[in-house]
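K.L.:
Below: one structure in structure tokens.
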Amino acid sequence: MTKTRSHLLAALAWAVVALSLLPIGWMLLSSLRHASDIAAGEQLSSSLALRWENYRDLWVNVDFFNYFRNSLVVCGLATVISTACALCAAYALARFRFRGSHAASLAITVTQVIPGMLFFLPLYMLYRNLGESWGVQMLDTYRGLIFLYVALFTPASIWIMRGFFVAIPRELEDAAVMDGCSRFGAFVRIVLPISAPGIIATATFVFLLAWDELFFAWVLTSSPDVQTIPVGIRLFINQFQHRYDLMMAAGAVSTLPVLLAFFAGQRYFIKGLAAGAVK
Amino acid sequence: MTSVTLRHIDKRFDDDGALVVSDVDLQIASGEFVVFVGPSGSGKSTLLRIIAGLESASAGDIVIGDLLANDVHASQRGIAMVFQSYALYPHMTVHDNMAFALRMAGTPKREVMQRVRKSAEILQITHLLDRKPKTLSGGQRQRVAIGRAIVREPKVFLFDEPLSNLDASLRQDMRVELSRLHQELGATMIYVTHDQVEAMTLASRIVVFDAGVVQQVGTPVELYESPANLFVAGFLGAPKMNLLPVTLVSADHRGAEVTGPGRAALRVAVDAAGAVTGSAVTLGIRPEHLRFANADTDASNTIAARIELIEYLGDHLLVYATVSDAAQRLCLKLPGHATRVRIGDTVHIELPAEHGLLFDAAGVAFTRLPPSAP
């Protein structure tokens, strides 16, 4: 590759990175402006002072902590349950030949090509009926959201992890059995530690998806005690106020856990997705 | 030291599926080095896994020492196995890899340390004990895999194509190493390979498999000199044995006469009593047993052939010759200096009667006669 071509490619890569980061930069900048300046489109004006107090006000103006806590509970539990379910299903699909394994794989794939939006009405009715007929409250509850997120994100998790398990040589488990492990013992002592990158990658993936989910969270919850950040952020814009500044600050704050989750698992995330893809 | 007895072992993976291993009956003596050899899919690895306890047999009994092992867990059979891909636990150090089985068995810490160190010394890998498998070369990994087996002090060692991932030179070194180890430990060893060189050099006895069926059991010399059938004859030996379709002209217990390609009359020193004259049979002779005959003398058992190709391999030559009026090719293995022939030459090739083998239409070999008989 010539030097010029190499420079051009590097420039192109940086341009793509800059383009991707632009909305985030714009959000951060807007979060330090007054609402009226944002409305006037003057975010870039250098004469304006940075309003760090927006980051204080967002907790006061709306009970943002509540949404933050709800998001952590819902997304955290959904991530743990979804990853645990995916772990078992992916291992079974990768390792065992059983009646219906092909159909199960196909069904998991099919769920990924149906737009989630189509589930909305039947799901809402199901949740309502569960509450009215069986006394199991699903609407406007943590468990309703958690159950939905587990159902929505587990199939994709299964596929990511299946790639990891398929890539682990069967002989490792055979060796563990020869060394005195049961099949389950071999899974726990050998397969799980080896596939930790895949598990972390999958958990990060589920957490990111759940953290950003707005549509179902908005439809299925109505009280601030349950609503998550994406729903809460919307409340900064209502018929009485248009606090774009606080909305942007809230956006920046809500991005923090996502960034932390990503950077903590970044090494594994990239490795995990790549391994699943090439094997 | 422990013997291994296999009694009428069958294996099929599905209830209605084909037999992968069929009626294997085998007695492996204590301290023996037995090699299972055969092409891919011949059932040799499956049988090894059955002995290991990683697969269950569909029928038959596995007896290890005095123990009927059919329902005994793999770790309780007193067996250690070395896998083709080494199967080292990548998240553990070499020490922990070797100590894993002992820890699983609840061996005291001090004893674990001693046994790991002792095994490491035998294999000269003491300096690698703190390293992770990914930092080791192929040969080092193989040593660790063997060390992991040794440390358990098993009664029987199983090897599943352990050298197939190594390069040729390292493979040769490891073959010597394994032979040394066998002599040193004196344990019963069962070794699976599709490499006939490994089989011939390592084994005290070889078991040849094809399509899940044992074709022949014997010492390397027995199998090479007196293969039981066409499969064994063709499988062992490189270059392969020359196999020529011929017609049986006369046959009795003192020998057989066949009409070969080019209508040459050839005598073979086999006990062919009872064979039907006029039937189609196969004549087999190894490349190193063929030699050029002097056309001027009245040499018997010769075929006229035209040299097609000469391969110079340093210490020896491979000469490929086509028999004049038939599309049959013969391969001759000659000393490296025998370069008097050239491509295109027509030569007379002698097939010594005492080195010839004869196989009936079903591929079963007639018994060879002792050298002095014909």
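Convention: chains lettered A, B, ... in structure tokens order; per-chain residue numbering from 1; ligands numbered from 1 as shown.
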Write out as a PyMOL selection string every residue belonging to chain B that has an atom at most 8 Å from any atom of chain A, counting only C-alpha atoms.
P.N.:
chain B and resi 52+54+74-76+79-81+83+85+87-91+100-102+104-105
K.L.:
What's around stretch 216-227 of chain A at 7 Å? Count only C-alpha atoms, leave out sequence neighbours fewer than 4 positions away in its own chain, and write the answer as a list in words.
P.N.:
Asn66, Tyr67, Asn70, Leu139, Asp140, Thr141, Tyr142, Leu145, Val231 and Gly232 of chain A
K.L.:
Give the helix (DSSP H, G or I) residues of stretch 234-305 of chain B, as DSSP finds them on the backbone, and put them as a compact mmCIF listing (two decimals) with N, CA, C and O atoms, in the first residue's frame.
P.N.:
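That gives us part.txt:
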# COMPACT_ATOMS: atom_id res chain seq x y z
N GLY B 234 -2.73 -52.69 0.82
CA GLY B 234 -2.66 -51.37 0.18
C GLY B 234 -2.43 -50.26 1.19
O GLY B 234 -1.89 -49.21 0.85
N PHE B 235 -2.86 -50.48 2.43
CA PHE B 235 -2.80 -49.39 3.41
C PHE B 235 -1.41 -49.23 4.00
O PHE B 235 -0.95 -48.11 4.21
N PRO B 261 -0.14 -59.23 -16.59
CA PRO B 261 -0.28 -58.30 -17.68
C PRO B 261 0.79 -58.59 -18.74
O PRO B 261 1.91 -58.97 -18.39
N GLY B 262 0.46 -58.40 -19.97
CA GLY B 262 1.40 -58.74 -21.03
C GLY B 262 1.51 -60.25 -21.21
O GLY B 262 2.45 -60.75 -21.81
N ARG B 263 0.55 -60.96 -20.67
CA ARG B 263 0.45 -62.43 -20.78
C ARG B 263 1.67 -63.14 -20.21
O ARG B 263 2.00 -64.26 -20.60
N PRO B 287 7.19 -52.53 -3.81
CA PRO B 287 8.10 -51.87 -4.75
C PRO B 287 9.57 -52.23 -4.52
O PRO B 287 10.34 -52.34 -5.48
N GLU B 288 9.95 -52.46 -3.25
CA GLU B 288 11.36 -52.75 -2.98
C GLU B 288 11.74 -54.18 -3.37
O GLU B 288 12.92 -54.53 -3.39
N HIS B 289 10.75 -55.01 -3.67
CA HIS B 289 11.04 -56.39 -4.06
C HIS B 289 11.14 -56.56 -5.58
O HIS B 289 11.51 -57.62 -6.05
K.L.:
Mind checking which residues fall within 7 Å of B:Val94, counting only C-alpha atoms, ignoring those fewer than 2 positions away in the same chain, and posting them as a list in words?
P.N.:
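The residues satisfying every condition are Met92, Asp96, Asn97, Met98, Leu128, Leu129, Asp130, Arg131, Lys132, Pro133 and Val144 of chain B.
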K.L.:
What is the distance between atom CA of B:Arg171 and atom CA of B:Phe33, in Å to one decimal?
P.N.:
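Separating atom CA of B:Arg171 from atom CA of B:Phe33 is a distance of 17.7 Å.
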K.L.:
Excluding A:Glu53 and its own-chain neighbours fewer than 4 positions away, which residues fall within 9 Å of it when counting only C-alpha atoms? Please give them as a list in words.
P.N.:
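That gives Leu32, Asp57 and Leu58 of chain A.
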K.L.:
Output C-alpha atoms for every residue in that selection, as a PDB file, in the first residue's frame.
P.N.:
ATOM      1  CA  LEU A  32     -23.820  23.464  28.975  1.00  0.00           C
ATOM      2  CA  ASP A  57     -30.732  21.333  37.998  1.00  0.00           C
ATOM      3  CA  LEU A  58     -31.606  18.193  36.091  1.00  0.00           C
TER       4      LEU A  58
END
K.L.:
What is the atom CA of B:Val63 to atom CA of A:Ala186 distance in Å?
P.N.:
25.9 Å
K.L.:
Would you list the contacts of B:Met241 as a PyMOL selection string, taking every protein, DNA or RNA residue within 10 Å and counting only C-alpha atoms, but skipping same-chain residues closer than 2 positions in sequence?
P.N.:
chain B and resi 224+230+232-239+243-244+283-289+330-332+357
K.L.:
Just the residues within 12 Å of A:Val62, please, counting only C-alpha atoms, with nothing from its chain fewer than 5 positions along; format it as a PyMOL selection string.
P.N.:
chain A and resi 54-57+67-68+224+229+231-238+241+243+246-247+250
